[in-house]
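With compact mmCIF, C-alpha atoms and all ligand atoms inside, this is work09.txt:
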# COMPACT_ATOMS: atom_id res chain seq x y z
CA MET A 870 37.66 -70.95 -106.17
CA ASN A 871 35.82 -74.28 -105.93
CA SER A 872 37.03 -76.60 -108.63
CA PRO A 873 34.38 -77.22 -111.27
CA LYS A 874 32.45 -80.48 -111.21
CA TYR A 875 33.22 -80.98 -114.91
CA ALA A 876 36.70 -79.78 -115.84
CA THR A 877 36.60 -78.40 -119.38
CA SER A 878 38.49 -75.86 -121.45
CA CYS A 879 35.51 -73.50 -121.69
CA VAL A 880 37.42 -70.54 -120.22
CA GLU A 881 40.46 -71.01 -122.48
CA ARG A 882 38.16 -71.30 -125.47
CA PHE A 883 36.29 -68.17 -124.43
CA LEU A 884 39.52 -66.17 -124.18
CA GLU A 885 40.33 -67.18 -127.76
CA TYR A 886 36.84 -66.49 -129.19
CA VAL A 887 36.71 -62.93 -127.82
CA LYS A 888 39.81 -62.06 -129.87
CA ILE A 889 37.80 -62.47 -133.07
CA ASP A 890 35.80 -59.33 -133.92
CA THR A 891 32.28 -60.56 -134.71
CA GLN A 892 30.32 -57.33 -134.44
CA SER A 893 27.11 -57.49 -136.48
CA CYS A 894 25.79 -54.52 -138.45
CA GLU A 895 22.28 -53.00 -138.63
CA ASP A 896 22.44 -51.68 -142.17
CA SER A 897 23.98 -54.43 -144.22
CA ASP A 898 22.24 -56.29 -147.02
CA ALA A 899 24.52 -59.29 -146.61
CA TYR A 900 23.81 -62.38 -144.53
CA PRO A 901 25.44 -62.70 -142.11
CA SER A 902 25.56 -58.91 -141.83
CA THR A 903 29.37 -58.99 -141.40
CA SER A 904 31.68 -61.59 -142.90
CA THR A 905 33.95 -61.61 -139.83
CA GLN A 906 31.30 -63.64 -138.02
CA LEU A 907 32.15 -66.44 -140.45
CA ASP A 908 35.71 -66.46 -139.08
CA LEU A 909 34.46 -67.59 -135.68
CA LEU A 910 31.75 -69.84 -137.11
CA GLY A 911 34.32 -71.55 -139.35
CA ARG A 912 36.67 -71.96 -136.42
CA LEU A 913 33.92 -73.56 -134.32
CA ARG A 914 33.19 -76.03 -137.09
CA GLU A 915 36.91 -76.91 -137.19
CA GLU A 916 37.07 -77.33 -133.43
CA LEU A 917 34.01 -79.59 -133.43
CA LEU A 918 35.54 -81.73 -136.18
CA LYS A 919 38.74 -81.94 -134.14
CA LEU A 920 36.74 -83.12 -131.14
CA GLY A 921 35.42 -85.91 -133.35
CA VAL A 922 31.98 -84.49 -134.19
CA GLU A 923 31.83 -85.87 -137.69
CA ASP A 924 28.77 -84.06 -139.02
CA ALA A 925 29.83 -80.54 -137.95
CA ALA A 926 28.96 -78.34 -140.92
CA MET A 927 28.35 -74.74 -141.89
CA ASP A 928 25.48 -73.97 -144.25
CA GLU A 929 25.42 -71.23 -146.90
CA HIS A 930 24.11 -68.69 -144.37
CA GLY A 931 26.82 -69.38 -141.81
CA TYR A 932 24.84 -71.49 -139.35
CA VAL A 933 27.00 -74.21 -137.81
CA PHE A 934 25.07 -77.33 -136.79
CA ALA A 935 26.54 -80.50 -135.28
CA THR A 936 25.43 -83.65 -133.47
CA LEU A 937 26.79 -85.43 -130.42
CA PRO A 938 25.62 -88.99 -131.03
CA ALA A 939 23.59 -90.72 -128.30
CA THR A 940 25.44 -92.75 -125.71
CA SER A 941 22.26 -94.24 -124.23
CA ASP A 942 20.79 -97.61 -125.28
CA LYS A 943 17.28 -96.20 -124.98
CA PRO A 944 15.98 -95.64 -128.51
CA ASP A 945 13.44 -92.93 -127.69
CA VAL A 946 15.44 -90.24 -125.90
CA PRO A 947 14.31 -86.94 -127.48
CA VAL A 948 16.88 -84.96 -129.46
CA ILE A 949 17.63 -81.74 -127.58
CA GLY A 950 19.66 -78.78 -128.77
CA PHE A 951 21.90 -76.03 -127.38
CA LEU A 952 22.26 -72.70 -129.15
CA ALA A 953 24.43 -69.61 -128.88
CA HIS A 954 25.05 -66.64 -131.16
CA VAL A 955 28.54 -65.60 -132.26
CA ASP A 956 27.91 -61.92 -133.05
CA THR A 957 28.38 -58.99 -130.69
CA SER A 958 26.37 -55.79 -130.39
CA PRO A 959 26.73 -53.07 -133.06
CA GLU A 960 26.57 -50.47 -130.25
CA VAL A 961 30.08 -50.92 -128.85
CA SER A 962 33.30 -51.88 -130.63
CA GLY A 963 34.34 -55.51 -130.45
CA ALA A 964 37.60 -55.03 -132.37
CA GLY A 965 40.92 -55.78 -130.69
CA VAL A 966 39.33 -57.05 -127.48
CA ARG A 967 41.97 -57.48 -124.79
CA ALA A 968 40.46 -59.76 -122.15
CA ILE A 969 41.74 -59.39 -118.61
CA VAL A 970 41.48 -62.15 -116.05
CA HIS A 971 41.22 -60.65 -112.57
CA GLN A 972 42.40 -63.64 -110.58
CA ASP A 973 41.13 -64.39 -107.11
CA TYR A 974 38.79 -61.38 -107.03
CA ASP A 975 39.12 -59.47 -103.76
CA GLY A 976 35.83 -57.55 -103.64
CA ARG A 977 37.12 -54.19 -104.83
CA ASP A 978 36.04 -52.10 -107.82
CA LEU A 979 37.52 -53.37 -111.10
CA VAL A 980 39.57 -50.69 -112.86
CA LEU A 981 40.04 -51.32 -116.56
CA PRO A 982 43.62 -50.46 -117.57
CA ASP A 983 43.16 -49.01 -121.07
CA ASP A 984 40.78 -46.29 -119.82
CA PRO A 985 41.37 -45.33 -116.19
CA SER A 986 37.90 -43.75 -116.03
CA ALA A 987 36.36 -47.15 -116.82
CA VAL A 988 35.55 -48.68 -113.45
CA ILE A 989 33.21 -51.58 -112.80
CA SER A 990 32.03 -50.62 -109.35
CA VAL A 991 30.74 -52.94 -106.68
CA GLN A 992 28.03 -50.40 -105.91
CA GLU A 993 26.59 -50.64 -109.41
CA ASN A 994 27.29 -54.37 -109.69
CA PRO A 995 26.13 -55.84 -106.38
CA LEU A 996 26.47 -59.36 -107.80
CA LEU A 997 30.26 -58.91 -107.72
CA ALA A 998 30.08 -59.31 -103.95
CA GLU A 999 29.18 -62.98 -104.49
CA GLN A 1000 32.29 -63.52 -106.62
CA ILE A 1001 35.02 -63.01 -104.03
CA GLY A 1002 37.77 -65.58 -104.55
CA ASN A 1003 36.63 -66.31 -108.11
CA ASP A 1004 38.31 -65.26 -111.36
CA ILE A 1005 36.53 -62.42 -113.18
CA ILE A 1006 37.05 -61.68 -116.87
CA THR A 1007 36.56 -58.17 -118.26
CA ALA A 1008 37.67 -56.26 -121.35
CA SER A 1009 40.38 -53.61 -121.00
CA GLY A 1010 38.17 -50.50 -121.02
CA THR A 1011 37.86 -49.50 -124.68
CA THR A 1012 35.78 -52.35 -126.15
CA LEU A 1013 33.04 -54.69 -125.07
CA LEU A 1014 34.11 -58.16 -123.93
CA GLY A 1015 31.73 -60.26 -125.99
CA ALA A 1016 30.63 -62.55 -123.18
CA ASP A 1017 27.24 -61.95 -124.83
CA ASN A 1018 27.23 -64.55 -126.29
CA LYS A 1019 30.70 -66.03 -126.68
CA ALA A 1020 30.39 -67.24 -123.10
CA GLY A 1021 27.45 -69.38 -124.23
CA VAL A 1022 29.43 -70.57 -127.26
CA ALA A 1023 32.38 -71.57 -125.05
CA GLU A 1024 30.14 -73.28 -122.49
CA ILE A 1025 28.45 -75.39 -125.17
CA MET A 1026 31.87 -76.27 -126.63
CA GLY A 1027 33.13 -77.16 -123.14
CA ALA A 1028 30.15 -79.41 -122.48
CA ALA A 1029 30.54 -81.07 -125.90
CA GLU A 1030 34.22 -81.73 -125.22
CA TYR A 1031 33.36 -83.27 -121.83
CA LEU A 1032 30.51 -85.45 -123.08
CA LEU A 1033 32.64 -86.76 -125.95
CA ALA A 1034 35.44 -87.66 -123.53
CA HIS A 1035 32.98 -89.35 -121.15
CA PRO A 1036 30.79 -91.73 -123.14
CA GLU A 1037 29.83 -93.37 -119.82
CA ILE A 1038 27.48 -90.42 -119.25
CA PRO A 1039 24.20 -91.57 -120.77
CA HIS A 1040 22.42 -89.10 -123.03
CA GLY A 1041 20.35 -88.99 -126.20
CA PRO A 1042 21.36 -87.26 -129.43
CA ILE A 1043 22.45 -83.67 -128.72
CA ARG A 1044 22.29 -81.00 -131.41
CA ILE A 1045 24.52 -77.96 -131.30
CA GLY A 1046 23.81 -74.74 -133.20
CA PHE A 1047 25.93 -71.60 -133.53
CA THR A 1048 24.18 -68.69 -135.22
CA PRO A 1049 25.01 -65.21 -136.60
CA ASP A 1050 23.25 -61.82 -136.40
CA GLU A 1051 21.22 -62.21 -133.20
CA GLU A 1052 22.02 -58.66 -132.11
CA VAL A 1053 20.53 -57.20 -135.28
CA GLY A 1054 17.37 -59.29 -135.05
CA GLY A 1055 18.36 -61.71 -137.81
CA GLY A 1056 19.51 -64.70 -135.78
CA THR A 1057 16.70 -66.97 -136.89
CA GLU A 1058 16.16 -65.64 -140.39
CA TYR A 1059 17.51 -68.73 -142.15
CA PHE A 1060 17.41 -71.13 -139.21
CA ASP A 1061 16.16 -74.40 -140.63
CA VAL A 1062 14.19 -75.90 -137.74
CA GLU A 1063 13.49 -79.10 -139.62
CA ARG A 1064 17.14 -79.67 -140.46
CA PHE A 1065 18.13 -78.87 -136.87
CA GLY A 1066 15.78 -81.70 -136.02
CA ALA A 1067 15.42 -81.33 -132.26
CA TYR A 1068 12.39 -81.67 -130.00
CA CYS A 1069 13.44 -78.55 -128.13
CA ALA A 1070 16.51 -76.36 -127.62
CA TYR A 1071 18.05 -74.07 -125.03
CA THR A 1072 19.80 -70.79 -125.80
CA MET A 1073 22.72 -70.27 -123.40
CA ASP A 1074 22.43 -66.48 -123.36
CA GLY A 1075 21.10 -65.40 -119.95
CA GLU A 1076 22.76 -63.37 -117.24
CA SER A 1077 23.05 -64.40 -113.63
CA LEU A 1078 23.69 -67.76 -112.04
CA GLY A 1079 20.52 -69.85 -111.85
CA GLU A 1080 18.48 -67.83 -114.35
CA LEU A 1081 15.97 -69.60 -116.55
CA GLN A 1082 13.86 -67.53 -118.89
CA VAL A 1083 10.62 -68.86 -120.28
CA GLU A 1084 8.82 -65.59 -120.97
CA THR A 1085 9.74 -62.77 -123.30
CA PHE A 1086 7.97 -59.66 -124.47
CA SER A 1087 5.63 -59.81 -127.41
CA ALA A 1088 6.81 -57.11 -129.76
CA ASP A 1089 5.57 -55.07 -132.71
CA SER A 1090 6.94 -51.99 -134.39
CA ILE A 1091 4.83 -49.10 -135.66
CA THR A 1092 5.68 -46.64 -138.41
CA ALA A 1093 3.52 -43.51 -138.29
CA THR A 1094 3.97 -41.34 -141.39
CA PHE A 1095 2.57 -37.81 -141.11
CA HIS A 1096 1.94 -35.96 -144.38
CA GLY A 1097 1.89 -32.16 -144.56
CA PHE A 1098 2.25 -29.66 -147.37
CA ASN A 1099 5.42 -27.70 -148.08
CA THR A 1100 5.66 -24.30 -149.79
CA HIS A 1101 8.14 -21.42 -149.68
CA PRO A 1102 7.95 -20.25 -146.05
CA GLY A 1103 7.79 -16.59 -147.17
CA PHE A 1104 4.54 -17.21 -149.02
CA ALA A 1105 3.03 -19.98 -146.93
CA LYS A 1106 0.16 -18.24 -145.18
CA GLY A 1107 -2.94 -20.39 -145.32
CA LYS A 1108 -1.14 -23.00 -147.42
CA MET A 1109 1.66 -24.72 -145.52
CA VAL A 1110 0.88 -27.72 -143.33
CA ASN A 1111 3.99 -28.65 -141.34
CA ALA A 1112 4.23 -32.42 -140.79
CA ILE A 1113 6.96 -31.86 -138.19
CA LYS A 1114 4.48 -29.98 -135.99
CA VAL A 1115 1.84 -32.66 -136.42
CA ALA A 1116 4.34 -35.34 -135.42
CA ALA A 1117 5.51 -33.22 -132.48
CA ASP A 1118 1.92 -33.02 -131.19
CA PHE A 1119 1.61 -36.76 -131.65
CA ILE A 1120 4.79 -37.47 -129.67
CA ALA A 1121 3.78 -35.01 -126.95
CA GLY A 1122 0.45 -36.83 -126.68
CA LEU A 1123 2.03 -40.24 -125.97
CA PRO A 1124 1.68 -41.56 -122.41
CA ARG A 1125 4.29 -40.20 -119.98
CA ASP A 1126 3.45 -41.42 -116.50
CA GLY A 1127 3.25 -45.01 -117.63
CA LEU A 1128 3.50 -47.15 -120.77
CA SER A 1129 7.01 -45.86 -121.49
CA PRO A 1130 10.39 -47.56 -120.97
CA GLU A 1131 11.39 -44.86 -118.47
CA THR A 1132 8.44 -45.59 -116.20
CA THR A 1133 7.87 -49.33 -116.41
CA ALA A 1134 9.43 -52.55 -115.10
CA GLY A 1135 8.48 -56.16 -114.43
CA TYR A 1136 5.42 -57.19 -116.41
CA GLU A 1137 4.46 -53.67 -117.54
CA GLY A 1138 4.51 -52.93 -121.26
CA PHE A 1139 5.29 -49.75 -123.14
CA VAL A 1140 5.12 -47.67 -126.31
CA HIS A 1141 8.52 -46.25 -127.23
CA PRO A 1142 9.18 -43.71 -130.01
CA ASN A 1143 12.79 -44.40 -131.01
CA MET A 1144 13.32 -42.75 -134.38
CA VAL A 1145 12.07 -39.63 -136.16
CA GLU A 1146 12.80 -38.61 -139.73
CA ALA A 1147 11.46 -35.12 -140.16
CA SER A 1148 10.62 -32.74 -142.98
CA VAL A 1149 7.76 -30.30 -143.52
CA GLU A 1150 6.21 -32.42 -146.25
CA ARG A 1151 6.58 -35.75 -144.49
CA THR A 1152 7.62 -36.83 -140.99
CA THR A 1153 8.00 -40.45 -140.01
CA VAL A 1154 7.96 -41.61 -136.39
CA LYS A 1155 8.99 -45.17 -135.54
CA LEU A 1156 7.81 -46.75 -132.31
CA LEU A 1157 8.41 -50.00 -130.50
CA VAL A 1158 5.43 -51.60 -128.76
CA ARG A 1159 6.11 -54.18 -126.05
CA ASP A 1160 4.03 -56.22 -123.63
CA PHE A 1161 3.97 -59.76 -122.27
CA ASN A 1162 0.38 -60.08 -123.37
CA ALA A 1163 -0.25 -59.89 -127.11
CA SER A 1164 -3.80 -58.57 -126.67
CA LYS A 1165 -2.47 -55.63 -124.63
CA LEU A 1166 -0.17 -54.96 -127.57
CA LYS A 1167 -3.27 -54.49 -129.73
CA GLU A 1168 -4.76 -52.08 -127.16
CA MET A 1169 -1.60 -49.97 -127.20
CA GLU A 1170 -1.56 -49.94 -130.99
CA GLN A 1171 -5.15 -48.69 -130.89
CA LEU A 1172 -4.10 -45.99 -128.42
CA VAL A 1173 -1.25 -44.89 -130.71
CA ALA A 1174 -3.66 -44.67 -133.65
CA THR A 1175 -6.08 -42.55 -131.59
CA ILE A 1176 -3.35 -40.14 -130.47
CA ALA A 1177 -2.14 -39.85 -134.07
CA SER A 1178 -5.59 -39.00 -135.41
CA GLN A 1179 -6.07 -36.41 -132.65
CA ALA A 1180 -2.82 -34.75 -133.75
CA VAL A 1181 -3.96 -34.80 -137.37
CA ALA A 1182 -7.37 -33.34 -136.44
CA ALA A 1183 -5.62 -30.34 -134.90
CA HIS A 1184 -3.80 -29.64 -138.21
CA PRO A 1185 -6.32 -29.43 -141.07
CA GLY A 1186 -4.83 -30.60 -144.34
CA SER A 1187 -2.55 -33.18 -142.73
CA ARG A 1188 -3.02 -36.91 -142.67
CA VAL A 1189 -1.34 -39.96 -141.19
CA GLU A 1190 -0.63 -43.52 -142.28
CA ILE A 1191 0.04 -46.14 -139.68
CA GLU A 1192 1.76 -49.43 -140.36
CA VAL A 1193 2.17 -52.14 -137.72
CA GLN A 1194 4.75 -54.88 -138.13
CA GLU A 1195 4.99 -57.96 -135.97
CA SER A 1196 8.46 -58.47 -134.48
CA TYR A 1197 8.16 -61.50 -132.18
CA ARG A 1198 5.82 -63.11 -129.65
CA ASN A 1199 6.10 -64.21 -126.02
CA MET A 1200 7.55 -67.74 -126.03
CA LYS A 1201 5.44 -68.63 -122.99
CA ALA A 1202 2.43 -69.33 -125.22
CA VAL A 1203 4.45 -72.17 -126.80
CA LEU A 1204 6.33 -73.35 -123.69
CA ASP A 1205 3.05 -73.72 -121.76
CA HIS A 1206 2.38 -76.68 -124.05
CA HIS A 1207 5.81 -78.20 -123.35
CA ALA A 1208 6.03 -78.41 -119.59
CA ASP A 1209 8.83 -81.02 -119.82
CA VAL A 1210 11.14 -78.57 -121.62
CA VAL A 1211 10.91 -76.09 -118.75
CA GLU A 1212 10.75 -78.64 -115.94
CA ASN A 1213 13.91 -80.45 -117.05
CA ALA A 1214 15.80 -77.16 -117.21
CA ARG A 1215 14.67 -76.28 -113.70
CA GLU A 1216 15.80 -79.65 -112.44
CA ALA A 1217 19.19 -79.38 -114.17
CA ILE A 1218 19.79 -76.03 -112.46
CA ARG A 1219 18.74 -77.50 -109.09
CA ARG A 1220 21.15 -80.42 -109.54
CA THR A 1221 24.03 -77.99 -109.76
CA GLY A 1222 23.06 -76.75 -106.31
CA LEU A 1223 21.46 -73.52 -107.52
CA GLU A 1224 17.91 -72.31 -107.04
CA PRO A 1225 16.34 -71.65 -110.47
CA SER A 1226 15.28 -68.04 -110.79
CA ILE A 1227 12.58 -67.55 -113.38
CA GLU A 1228 12.25 -63.93 -114.45
CA PRO A 1229 10.48 -62.57 -117.54
CA ILE A 1230 12.80 -61.05 -120.16
CA ARG A 1231 11.93 -57.47 -121.07
CA GLY A 1232 13.11 -58.14 -124.58
CA GLY A 1233 13.21 -60.98 -127.05
CA THR A 1234 15.62 -63.83 -127.67
CA ASP A 1235 16.21 -66.00 -130.69
CA GLY A 1236 14.15 -68.47 -128.69
CA SER A 1237 11.07 -66.24 -128.94
CA ARG A 1238 11.02 -66.70 -132.70
CA LEU A 1239 12.27 -70.29 -132.70
CA SER A 1240 9.53 -71.33 -130.27
CA PHE A 1241 6.92 -70.14 -132.77
CA MET A 1242 8.82 -71.76 -135.64
CA GLY A 1243 8.29 -75.14 -133.94
CA LEU A 1244 11.38 -75.40 -131.72
CA PRO A 1245 10.48 -74.62 -128.09
CA THR A 1246 13.55 -72.73 -126.81
CA PRO A 1247 13.87 -71.28 -123.30
CA ASN A 1248 16.96 -69.34 -122.30
CA ILE A 1249 19.48 -70.43 -119.64
CA PHE A 1250 22.09 -68.29 -117.88
CA ALA A 1251 25.55 -68.04 -119.43
CA GLY A 1252 26.93 -65.73 -116.72
CA GLU A 1253 27.10 -62.55 -118.87
CA HIS A 1254 26.77 -59.20 -117.08
CA ASN A 1255 26.51 -55.61 -118.42
CA PHE A 1256 26.17 -56.85 -121.97
CA HIS A 1257 26.54 -54.39 -124.88
CA SER A 1258 28.88 -52.37 -122.68
CA ARG A 1259 32.56 -51.73 -122.07
CA PHE A 1260 31.80 -52.84 -118.50
CA GLU A 1261 30.91 -56.40 -119.42
CA TRP A 1262 32.15 -58.96 -116.91
CA ILE A 1263 31.84 -62.68 -116.33
CA SER A 1264 33.01 -65.05 -113.64
CA THR A 1265 34.79 -68.23 -114.70
CA SER A 1266 33.08 -70.02 -111.83
CA ASP A 1267 29.66 -69.12 -113.33
CA MET A 1268 30.83 -70.37 -116.71
CA HIS A 1269 31.72 -73.74 -115.21
CA LYS A 1270 28.27 -73.85 -113.59
CA ALA A 1271 26.63 -73.22 -116.96
CA VAL A 1272 28.60 -76.15 -118.41
CA GLU A 1273 27.36 -78.26 -115.51
CA VAL A 1274 23.74 -77.29 -116.26
CA ILE A 1275 24.14 -78.35 -119.91
CA ILE A 1276 25.55 -81.74 -118.93
CA GLU A 1277 22.91 -82.34 -116.24
CA LEU A 1278 20.21 -81.41 -118.71
CA CYS A 1279 21.49 -84.02 -121.17
CA ARG A 1280 21.41 -86.63 -118.39
CA ILE A 1281 17.93 -85.70 -117.22
CA TRP A 1282 16.31 -86.06 -120.65
CA GLU A 1283 17.83 -89.56 -120.83
CA GLU A 1284 16.80 -90.53 -117.28
CA LYS A 1285 13.21 -89.47 -117.89
CA THR A 1286 12.86 -91.59 -121.00
CA SER A 1287 11.64 -95.13 -120.37
ZN ZN B 1 22.96 -62.35 -126.53
Can you turn what I pasted into structure tokens?
Ligand SMILES: [Zn+2]
Amino acid sequence: MNSPKYATSCVERFLEYVKIDTQSCEDSDAYPSTSTQLDLLGRLREELLKLGVEDAAMDEHGYVFATLPATSDKPDVPVIGFLAHVDTSPEVSGAGVRAIVHQDYDGRDLVLPDDPSAVISVQENPLLAEQIGNDIITASGTTLLGADNKAGVAEIMGAAEYLLAHPEIPHGPIRIGFTPDEEVGGGTEYFDVERFGAYCAYTMDGESLGELQVETFSADSITATFHGFNTHPGFAKGKMVNAIKVAADFIAGLPRDGLSPETTAGYEGFVHPNMVEASVERTTVKLLVRDFNASKLKEMEQLVATIASQAVAAHPGSRVEIEVQESYRNMKAVLDHHADVVENAREAIRRTGLEPSIEPIRGGTDGSRLSFMGLPTPNIFAGEHNFHSRFEWISTSDMHKAVEVIIELCRIWEEKTS
């Protein structure tokens, strides 16, 4: 393995952070949704204080913010921030994670010891072929690893440690933020943009080496509630209106050859029914609506309403209520007004010898919301692969590259300030 340009303890830190179970939870009224996230957040605050970051603090919601003071004499270097979330996906257990370092990877399939059927194959992970000779970290087969997003956390900590030890590297004020509950859509709920006080930020939560993400879906959710009429089924002739059958017609009427997750990729959007709660009297269908273009979102919502009223028309006595809720918007609309935020990230990636690869995210990030809250926030690779899965893997060489990008980015913002 090539030795990293900036030697830091990011890998050692990562191997410690994954031991702490920080799984977030969909149906919790608490914030953060699980208190175990506070264990890692509290630890990060302690570690920052130990590194000499005097203002490292955790607020009442668990957010940990800290500042690396400027080392540059220039008074006007913009404050930039780096963000990562500490929670892991509710879909796969993150308890008792046993990380395995596969040293000097030889190009073969990775067999995970605690479940012999768990194999990370080269065929399904073609990017592994580029990792020969590097160290790969996986979980042991029964849990996720938590590289999403503890890799980003460790990389930011590694960069902070390096910058603090090397005050000769000129940079402006750097803000650091560690956040809870990203995986359950709550990562920005109490994020105080004003108190964070940065001109822009970067989430370190992308996948492959060189990735820079400046476009996300725009997203809404729809709740369609179909009302019928229930009576005793033995005496229902001419009276019963079965909401389940109305909803079934509605679902059958949704687009199949396109506009669905199963049939779309790239810049194509979709309508996705993902939950049904059914009874004769009342059946509720929840749908996700996604597109890169917010006006296309409106068109799809119109289409859903039309299909719903057609289903209702075929069942006299039924009716439907449709409620649309905004989830998040494509960050590109904001980033287009902040060309410097994107350009400097591209240049930082180039300086590490990588070609920036700019792909749209078919999903949202905390940055989608933060960008609209006044903090333009693209997403940079952290090296995570197969996230939300027992087959998560990450290369330590990619982690060192991500640290390098952070440090170069800090330099570039300083260089470009007169
Ligand atoms: Zn993530």
For this session: Check which residues fall inside 7 Å of ligand ZN 1 (chain B) when counting only C-alpha atoms and all ligand atoms, and print them as a list in words.
Result: His954, Asp1017, Asn1018, Glu1051, Glu1052 and Asp1074 of chain A
Hey, can I get the axis-aligned box for range 1114-1119 of chain A? All listed atoms, 4 Å padding on each side, centre and edge lengths in Å to one decimal, as lines of an AutoDock Vina configuration file.
center_x = 3.6
center_y = -33.4
center_z = -133.8
size_x = 11.9
size_y = 14.8
size_z = 13.2
Exercise. How would you write as a VMD selection string the residues that get within 10 Å of (1.5, -31.0, -134.8) in the file's frame, counting all atoms listed in the file?
Worked result: chain A and resid 1095 1097 1110 to 1121 1177 1179 to 1184 1187
Expected file: the selected residues, C-alpha atoms, as an mmCIF file, in the frame of the given file:
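After the write, again-v2.cif holds the following:
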data_model
loop_
_atom_site.group_PDB
_atom_site.id
_atom_site.type_symbol
_atom_site.label_atom_id
_atom_site.label_comp_id
_atom_site.auth_asym_id
_atom_site.auth_seq_id
_atom_site.Cartn_x
_atom_site.Cartn_y
_atom_site.Cartn_z
ATOM 1 C CA PHE A 1095 2.570 -37.810 -141.110
ATOM 2 C CA GLY A 1097 1.890 -32.160 -144.560
ATOM 3 C CA VAL A 1110 0.880 -27.720 -143.330
ATOM 4 C CA ASN A 1111 3.990 -28.650 -141.340
ATOM 5 C CA ALA A 1112 4.230 -32.420 -140.790
ATOM 6 C CA ILE A 1113 6.960 -31.860 -138.190
ATOM 7 C CA LYS A 1114 4.480 -29.980 -135.990
ATOM 8 C CA VAL A 1115 1.840 -32.660 -136.420
ATOM 9 C CA ALA A 1116 4.340 -35.340 -135.420
ATOM 10 C CA ALA A 1117 5.510 -33.220 -132.480
ATOM 11 C CA ASP A 1118 1.920 -33.020 -131.190
ATOM 12 C CA PHE A 1119 1.610 -36.760 -131.650
ATOM 13 C CA ILE A 1120 4.790 -37.470 -129.670
ATOM 14 C CA ALA A 1121 3.780 -35.010 -126.950
ATOM 15 C CA ALA A 1177 -2.140 -39.850 -134.070
ATOM 16 C CA GLN A 1179 -6.070 -36.410 -132.650
ATOM 17 C CA ALA A 1180 -2.820 -34.750 -133.750
ATOM 18 C CA VAL A 1181 -3.960 -34.800 -137.370
ATOM 19 C CA ALA A 1182 -7.370 -33.340 -136.440
ATOM 20 C CA ALA A 1183 -5.620 -30.340 -134.900
ATOM 21 C CA HIS A 1184 -3.800 -29.640 -138.210
ATOM 22 C CA SER A 1187 -2.550 -33.180 -142.730
#
Exercise. How far is it from CA of Leu920 in chain A to CA of Ala1034 in chain A, in Å with one decimal?
Worked result: 9.0 Å
For this session: Compare A:Thr1100, A:Ser1129, A:Gln972, A:Gln1194 by their minimum atom-to-atom distance to Ser1148 in chain A, counting all atoms listed in the file, and give me the closest one.
Result: A:Thr1100
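Taking CA of Val948 in chain A and CA of Cys1069 in chain A as the two end points, the separation is 7.4 Å.
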For this session: Kindly indicate which residue among A:Phe1139, A:Tyr886, A:Phe1060, A:Trp1282 lies nearest to Lys1165 in chain A, using all atoms listed in the file for the distances.
Result: A:Phe1139
Exercise. What gap, in Å, lies between CA of Phe1065 in chain A and CA of Arg1044 in chain A?
Worked result: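 If I compute the distance from CA of Phe1065 in chain A to CA of Arg1044 in chain A, I get 7.2 Å.
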Generate the missing atoms of range 1064-1071 of chain A up to N, CA, C and O atoms and report them as an mmCIF file, in the coordinates of the input.
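Output file selection33.cif is given in full below:
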data_model
loop_
_atom_site.group_PDB
_atom_site.id
_atom_site.type_symbol
_atom_site.label_atom_id
_atom_site.label_comp_id
_atom_site.auth_asym_id
_atom_site.auth_seq_id
_atom_site.Cartn_x
_atom_site.Cartn_y
_atom_site.Cartn_z
ATOM 1 N N ARG A 1064 15.799 -79.085 -140.319
ATOM 2 C CA ARG A 1064 17.140 -79.670 -140.460
ATOM 3 C C ARG A 1064 17.834 -79.762 -139.106
ATOM 4 O O ARG A 1064 18.598 -80.682 -138.849
ATOM 5 N N PHE A 1065 17.543 -78.790 -138.216
ATOM 6 C CA PHE A 1065 18.130 -78.870 -136.870
ATOM 7 C C PHE A 1065 17.608 -80.134 -136.184
ATOM 8 O O PHE A 1065 18.348 -80.829 -135.510
ATOM 9 N N GLY A 1066 16.325 -80.389 -136.380
ATOM 10 C CA GLY A 1066 15.780 -81.700 -136.020
ATOM 11 C C GLY A 1066 15.770 -82.023 -134.548
ATOM 12 O O GLY A 1066 16.008 -83.170 -134.166
ATOM 13 N N ALA A 1067 15.474 -81.046 -133.701
ATOM 14 C CA ALA A 1067 15.420 -81.330 -132.260
ATOM 15 C C ALA A 1067 13.990 -81.131 -131.754
ATOM 16 O O ALA A 1067 13.198 -80.398 -132.337
ATOM 17 N N TYR A 1068 13.702 -81.818 -130.641
ATOM 18 C CA TYR A 1068 12.390 -81.670 -130.000
ATOM 19 C C TYR A 1068 12.288 -80.304 -129.315
ATOM 20 O O TYR A 1068 11.239 -79.673 -129.290
ATOM 21 N N CYS A 1069 13.400 -79.856 -128.763
ATOM 22 C CA CYS A 1069 13.440 -78.550 -128.130
ATOM 23 C C CYS A 1069 14.901 -78.096 -128.113
ATOM 24 O O CYS A 1069 15.791 -78.870 -128.469
ATOM 25 N N ALA A 1070 15.130 -76.843 -127.742
ATOM 26 C CA ALA A 1070 16.510 -76.360 -127.620
ATOM 27 C C ALA A 1070 16.587 -75.372 -126.463
ATOM 28 O O ALA A 1070 15.561 -74.936 -125.930
ATOM 29 N N TYR A 1071 17.810 -75.064 -126.081
ATOM 30 C CA TYR A 1071 18.050 -74.070 -125.030
ATOM 31 C C TYR A 1071 19.086 -73.085 -125.563
ATOM 32 O O TYR A 1071 20.162 -73.515 -126.003
#
